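Contents: one structure, followed by commentary.
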Amino acid sequence: MSMTQFQSEGLRLLGYTRDEGEFLFLVATHSGYFTSHQFKPFAETESGSSAFIHKLLDRKHANYHVYRSGGRVYHLIARKLYQAIERANLLIDKTRQLDYVKTHLIALDFVLGHPKHRYLEMELDKIAYFKTEYKIGRETLPVKQYRSPNSSEWTPRHFVDRFPMFVNSLPPSPVVTFTYVDAGAVTLDGFETHLRAYLRLFQALPRFEFIYLSPTARMFRAAESAFHRVLHGRRRPYISVAMLDYFRLRKSWDSRERVASADVILLEEAQQHYVGGLTEELYEKWRQGVIADDEVTRNTSASSERVNGAFSTLVCGSSLTVFGDPVGSVTERRAEGDEPQGIGRTSEEPSVEVPKS
């Protein structure tokens with residue numbers, strides 16, 4: 001939370017209490033969208049949520065869309081509100097596809113759940129941080145070029161994804177943490193495109209941390225493999241599948257059971273790493289029940305090669321229940337302003353039938 005006294009006073013003059021102002025600041029900075037269930041725990045109130053939302057709507061500072069589940073997502077649309085907190089350039093007043101809305105709701109879930117982080121909130125904040133702390137210039141930062149319809153001039157914009165980014169100031173030195181929000185993609189194409197956009201910056205940092213956020217863990221292991229493949233030209237500088245996990249996947253493979261498609265990639269990786277007579281002997285003993293899981297774990301060997309990027313995952317996105325699905329995986333592709341219809345759901349995690357080896 002980094003709202004200044006000037007910004008707080010600006011929201012007070014618009015008629016908002018301290019808690020309401022702090023919440024609006026976070027929404028405008030990190031998302032633009034919110035649900036009533038995100039405000040309730042923030043302000044530690046039940047009845048106050050209704051009064052706050054009515055205030056926003058009455059002042060025409062926000063509008064909302066009712067989705068097929070009956071849930072509402074609110075969108076901050078008033079320029080005067082963004083101007084009051086010096087965030088006018090973050091105002092998005094046009095309709096957005098549902099994936100965009102979900103992505104920014106998840107980002108807000110993360111920020112609300114981790115309020116003590118020192119976030120790098122604005123584009124200029126991020127540019128200044130990397131310049132000051134690491135002597136990294138704009139040419140190394142992720143960038144997109146924009147041009148208005150009435151101009152021939154192109155304007156570079158950095159960090160346009162607006163995913164939460166924060167600095168951990170614990171000893172021995174500050175470490176910046178990047179995040180990526182997956183709102184339920186069926187492939188990792190978007191994630192890999194994002195990594196390539198940030199690749200030069202990642203390579204210029206002595207170390208950093210990266211968190212992959214998603215409402216389900218379905219793509220976590222495949223995302224980790226993709227992260228290290230893009231950064232290092234290989235799936236990981238050390239094996240990402242523990243020997244015990246490999247044995248379990250292989251047993252399913254050998255038994256002609258159905259295996260999740262993401263796990264097939266990991267199985268192929270493990271087969272290239274765990275080779276040789278000793279591995280085969282250990283596998284047969286484990287498969288026949290001669291040795292227990294803990295003995296397999298003790299035999300797992302992995303390289304201790306150091307890398308500058310530490311990858312982790314986090315299930316995040318409780319606000320997506322507003323769409324009617326417990327994990328927010330409703331397969332809607334409509335724009336924010338489309339008329340609501342009946343509810344739909346995605347299928348189960350993609351799986352393939354593994355042939356007998």
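Residues in the structure tokens are numbered from 1 in each chain, the chains being A, B, ... in the order shown, and ligands are numbered from 1 in the order shown.
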
Subject >> Spatial neighbours of range 57-67 of chain A, max dist 6 Å, only C-alpha atoms, sep filter under 6 positions, as a PyMOL selection string >> reply: chain A and resi 73-78+340

**OP:** Find the residues near His194 in chain A: any atom within 9 Å, counting only C-alpha atoms, skip ones fewer than 3 places away on the same chain, and give them as a list in words.
**Re:** Pro142, Asp161, Tyr180, Asp189, Gly190, Phe191, Ala197, Tyr198 and Leu199 of chain A

Okay, now the selection with C-alpha atoms, as a PDB file, in the first residue's frame?
```
ATOM      1  CA  PRO A 142       9.745  -5.344 -22.234  1.00  0.00           C
ATOM      2  CA  ASP A 161       0.711  -6.373 -18.847  1.00  0.00           C
ATOM      3  CA  TYR A 180       2.307 -14.004 -14.540  1.00  0.00           C
ATOM      4  CA  ASP A 189       1.638 -19.988 -25.852  1.00  0.00           C
ATOM      5  CA  GLY A 190       0.757 -16.727 -24.109  1.00  0.00           C
ATOM      6  CA  PHE A 191       3.050 -17.536 -21.189  1.00  0.00           C
ATOM      7  CA  ALA A 197       9.285 -10.295 -23.958  1.00  0.00           C
ATOM      8  CA  TYR A 198      10.974 -10.194 -20.535  1.00  0.00           C
ATOM      9  CA  LEU A 199      13.954 -12.385 -21.452  1.00  0.00           C
TER      10      LEU A 199
END
```

Original post:
Which parts of range 54-270 of chain A does DSSP call strand (DSSP E or B) when run on the backbone here, written out as a ChimeraX atom specification?
Top reply: /A:62-66,72-76,97,118-119,143-146,155-158,166-168,175-181,208-214,258-260

**OP:** Apply DSSP to the structure's backbone, then extract all residues of range 32-138 of chain A labelled alpha helix (DSSP H) and return them as a PyMOL selection string.
**Re:** chain A and resi 36-43+47-58+79-84+98-113+123-134

Contacts of range 37-147 of chain A with range 208-218 of chain A up to 10 Å, shortest pair per row, only C-alpha atoms, as a tab-separated table:
```
residue	atom	partner	partner_atom	distance
A:Thr103	CA	A:Ser214	CA	9.0
A:Ile106	CA	A:Ser214	CA	7.7
A:Ala107	CA	A:Leu213	CA	8.3
A:Phe110	CA	A:Leu213	CA	8.4
```

Dump of N, CA and C atoms for the selected residues, as a PDB file, in the first residue's frame:
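Now in selection22.pdb:
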```pdb
ATOM      1  N   THR A 103      -8.229 -12.093 -15.773  1.00  0.00           N
ATOM      2  CA  THR A 103      -6.805 -11.931 -15.475  1.00  0.00           C
ATOM      3  C   THR A 103      -6.587 -10.824 -14.447  1.00  0.00           C
ATOM      4  N   ILE A 106      -7.756 -11.746 -10.897  1.00  0.00           N
ATOM      5  CA  ILE A 106      -6.769 -12.596 -10.220  1.00  0.00           C
ATOM      6  C   ILE A 106      -5.604 -11.756  -9.713  1.00  0.00           C
ATOM      7  N   ALA A 107      -5.153 -10.815 -10.533  1.00  0.00           N
ATOM      8  CA  ALA A 107      -4.063  -9.925 -10.104  1.00  0.00           C
ATOM      9  C   ALA A 107      -4.465  -9.169  -8.841  1.00  0.00           C
ATOM     10  N   PHE A 110      -4.335 -11.362  -5.772  1.00  0.00           N
ATOM     11  CA  PHE A 110      -2.977 -11.533  -5.257  1.00  0.00           C
ATOM     12  C   PHE A 110      -2.557 -10.319  -4.428  1.00  0.00           C
TER      13      PHE A 110
END
```

Subject >> Exercise: His37 in chain A partners within 12 Å, only C-alpha atoms, chain neighbours under 2 positions left out, as a PyMOL selection string >> reply: chain A and resi 34-35+39-50+53+71-74+105+108-109+112+317-322

Produce a file of the selected residues containing N, CA and C atoms, as a JSON list (two decimals), in the first residue's frame.
```json
[["chain", "number", "residue", "atom", "x", "y", "z"],
["A", 34, "PHE", "N", -13.33, -5.23, -10.06],
["A", 34, "PHE", "CA", -13.39, -5.86, -8.74],
["A", 34, "PHE", "C", -14.76, -6.48, -8.55],
["A", 35, "THR", "N", -14.87, -7.30, -7.51],
["A", 35, "THR", "CA", -16.15, -7.87, -7.11],
["A", 35, "THR", "C", -16.45, -7.44, -5.67],
["A", 39, "PHE", "N", -14.08, -6.68, -1.82],
["A", 39, "PHE", "CA", -14.12, -5.52, -0.91],
["A", 39, "PHE", "C", -14.44, -5.92, 0.52],
["A", 40, "LYS", "N", -15.32, -6.90, 0.72],
["A", 40, "LYS", "CA", -15.78, -7.25, 2.06],
["A", 40, "LYS", "C", -14.64, -7.61, 3.01],
["A", 41, "PRO", "N", -13.76, -8.56, 2.66],
["A", 41, "PRO", "CA", -12.67, -8.87, 3.60],
["A", 41, "PRO", "C", -11.66, -7.74, 3.73],
["A", 42, "PHE", "N", -11.50, -6.93, 2.68],
["A", 42, "PHE", "CA", -10.56, -5.81, 2.76],
["A", 42, "PHE", "C", -11.02, -4.80, 3.80],
["A", 43, "ALA", "N", -12.31, -4.45, 3.76],
["A", 43, "ALA", "CA", -12.84, -3.46, 4.70],
["A", 43, "ALA", "C", -13.38, -4.11, 5.96],
["A", 44, "GLU", "N", -13.32, -5.45, 6.03],
["A", 44, "GLU", "CA", -13.83, -6.21, 7.18],
["A", 44, "GLU", "C", -15.26, -5.79, 7.49],
["A", 45, "THR", "N", -16.09, -5.84, 6.45],
["A", 45, "THR", "CA", -17.48, -5.42, 6.61],
["A", 45, "THR", "C", -18.37, -6.30, 5.75],
["A", 46, "GLU", "N", -19.60, -6.40, 6.13],
["A", 46, "GLU", "CA", -20.62, -7.08, 5.33],
["A", 46, "GLU", "C", -21.60, -6.06, 4.77],
["A", 47, "SER", "N", -22.24, -5.29, 5.66],
["A", 47, "SER", "CA", -23.24, -4.33, 5.22],
["A", 47, "SER", "C", -22.61, -3.18, 4.45],
["A", 48, "GLY", "N", -21.36, -2.83, 4.79],
["A", 48, "GLY", "CA", -20.71, -1.70, 4.15],
["A", 48, "GLY", "C", -20.45, -1.89, 2.67],
["A", 49, "SER", "N", -20.39, -3.14, 2.23],
["A", 49, "SER", "CA", -20.12, -3.41, 0.83],
["A", 49, "SER", "C", -21.22, -2.85, -0.05],
["A", 50, "SER", "N", -22.46, -3.05, 0.33],
["A", 50, "SER", "CA", -23.59, -2.56, -0.46],
["A", 50, "SER", "C", -23.59, -1.04, -0.53],
["A", 53, "ILE", "N", -20.76, 0.20, -2.89],
["A", 53, "ILE", "CA", -21.03, 0.00, -4.31],
["A", 53, "ILE", "C", -22.13, 0.95, -4.81],
["A", 71, "GLY", "N", -23.59, -13.30, -11.21],
["A", 71, "GLY", "CA", -22.60, -12.52, -10.49],
["A", 71, "GLY", "C", -22.26, -11.23, -11.21],
["A", 72, "ARG", "N", -21.84, -10.24, -10.44],
["A", 72, "ARG", "CA", -21.50, -8.93, -10.99],
["A", 72, "ARG", "C", -20.01, -8.64, -10.86],
["A", 73, "VAL", "N", -19.45, -8.06, -11.90],
["A", 73, "VAL", "CA", -18.09, -7.53, -11.86],
["A", 73, "VAL", "C", -18.18, -6.03, -12.10],
["A", 74, "TYR", "N", -17.56, -5.25, -11.21],
["A", 74, "TYR", "CA", -17.61, -3.80, -11.28],
["A", 74, "TYR", "C", -16.36, -3.26, -11.95],
["A", 105, "LEU", "N", -8.81, -9.59, -12.32],
["A", 105, "LEU", "CA", -9.39, -9.95, -11.02],
["A", 105, "LEU", "C", -8.42, -10.81, -10.23],
["A", 108, "LEU", "N", -5.70, -8.69, -8.80],
["A", 108, "LEU", "CA", -6.17, -7.99, -7.60],
["A", 108, "LEU", "C", -6.28, -8.93, -6.41],
["A", 109, "ASP", "N", -6.71, -10.17, -6.64],
["A", 109, "ASP", "CA", -6.74, -11.16, -5.56],
["A", 109, "ASP", "C", -5.36, -11.30, -4.93],
["A", 112, "LEU", "N", -4.43, -8.07, -2.91],
["A", 112, "LEU", "CA", -5.21, -7.99, -1.67],
["A", 112, "LEU", "C", -4.74, -9.03, -0.66],
["A", 317, "GLY", "N", -7.13, -16.77, -7.21],
["A", 317, "GLY", "CA", -8.26, -16.41, -8.06],
["A", 317, "GLY", "C", -9.60, -16.74, -7.46],
["A", 318, "SER", "N", -9.73, -16.58, -6.14],
["A", 318, "SER", "CA", -10.99, -16.90, -5.49],
["A", 318, "SER", "C", -12.13, -16.02, -5.98],
["A", 319, "SER", "N", -11.81, -14.83, -6.50],
["A", 319, "SER", "CA", -12.86, -13.93, -6.99],
["A", 319, "SER", "C", -13.57, -14.48, -8.21],
["A", 320, "LEU", "N", -12.98, -15.45, -8.89],
["A", 320, "LEU", "CA", -13.59, -15.97, -10.11],
["A", 320, "LEU", "C", -14.85, -16.78, -9.84],
["A", 321, "THR", "N", -15.15, -17.04, -8.57],
["A", 321, "THR", "CA", -16.42, -17.70, -8.26],
["A", 321, "THR", "C", -17.60, -16.84, -8.68],
["A", 322, "VAL", "N", -17.37, -15.57, -8.94],
["A", 322, "VAL", "CA", -18.45, -14.69, -9.39],
["A", 322, "VAL", "C", -19.02, -15.16, -10.73]]
```

Find the nearest atom pair between each residue of range 101-131 of chain A and range 149-158 of chain A for residues within 10 Å, count only C-alpha atoms, give distances in Å to one decimal, sort rows by chain and ascending number, and present the table as CSV.
```
residue,atom,partner,partner_atom,distance
A:Met122,CA,A:His158,CA,9.8
A:Glu123,CA,A:His158,CA,6.3
A:Leu124,CA,A:His158,CA,8.6
A:Lys126,CA,A:His158,CA,8.7
A:Ile127,CA,A:His158,CA,8.0
```

Subject >> For Leu249 in chain A, the nearest of the candidates A:Ala262, A:Leu314, A:Ala51, A:Ile85, counting only C-alpha atoms >> reply: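 Residue with the minimum atom-to-atom distance to Leu249 in chain A: A:Ala262.
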
Counting only C-alpha atoms, what is within 12 Å of Ser173 in chain A, bar same-chain residues fewer than 3 positions away, as a compact mmCIF listing (two decimals) with N, CA and C atoms, in the first residue's frame?
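The resulting file, out-v7.txt, is shown below:
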```
# COMPACT_ATOMS: atom_id res chain seq x y z
N GLU A 133 18.74 0.64 -9.47
CA GLU A 133 19.29 -0.50 -8.73
C GLU A 133 20.26 -1.35 -9.56
N TYR A 134 20.00 -1.44 -10.88
CA TYR A 134 20.79 -2.38 -11.69
C TYR A 134 21.43 -1.74 -12.92
N VAL A 167 9.23 -5.89 -4.71
CA VAL A 167 10.63 -6.02 -4.30
C VAL A 167 10.69 -6.57 -2.89
N ASN A 168 11.47 -7.62 -2.71
CA ASN A 168 11.73 -8.18 -1.39
C ASN A 168 13.05 -7.59 -0.91
N SER A 169 12.99 -6.80 0.14
CA SER A 169 14.18 -6.07 0.60
C SER A 169 14.95 -6.81 1.69
N LEU A 170 14.69 -8.09 1.86
CA LEU A 170 15.40 -8.85 2.89
C LEU A 170 16.86 -9.05 2.51
N VAL A 176 13.77 -8.65 -6.92
CA VAL A 176 12.49 -8.30 -7.52
C VAL A 176 11.75 -9.58 -7.89
N PRO A 206 20.99 -10.11 -11.64
CA PRO A 206 21.80 -11.12 -10.96
C PRO A 206 20.95 -12.25 -10.39
N ARG A 207 19.73 -11.94 -9.95
CA ARG A 207 18.78 -12.94 -9.53
C ARG A 207 17.40 -12.30 -9.43
N PHE A 208 16.39 -13.13 -9.56
CA PHE A 208 15.02 -12.67 -9.45
C PHE A 208 14.13 -13.86 -9.11
```

Subject >> Nearby residues (only C-alpha atoms) at most 7 Å from Ala84 in chain A, same-chain spacing under 5 positions excluded, as a PyMOL selection string >> reply: chain A and resi 7+10-11

With N, CA and C atoms retained, could you export that selection as a compact mmCIF listing (two decimals), in the first residue's frame?
```txt
# COMPACT_ATOMS: atom_id res chain seq x y z
N GLN A 7 -3.24 11.72 -2.57
CA GLN A 7 -4.18 10.80 -3.21
C GLN A 7 -5.33 10.46 -2.28
N GLY A 10 -7.69 13.32 -2.17
CA GLY A 10 -8.46 13.40 -3.40
C GLY A 10 -9.66 12.48 -3.38
N LEU A 11 -9.49 11.27 -2.87
CA LEU A 11 -10.61 10.32 -2.78
C LEU A 11 -11.58 10.73 -1.68
```
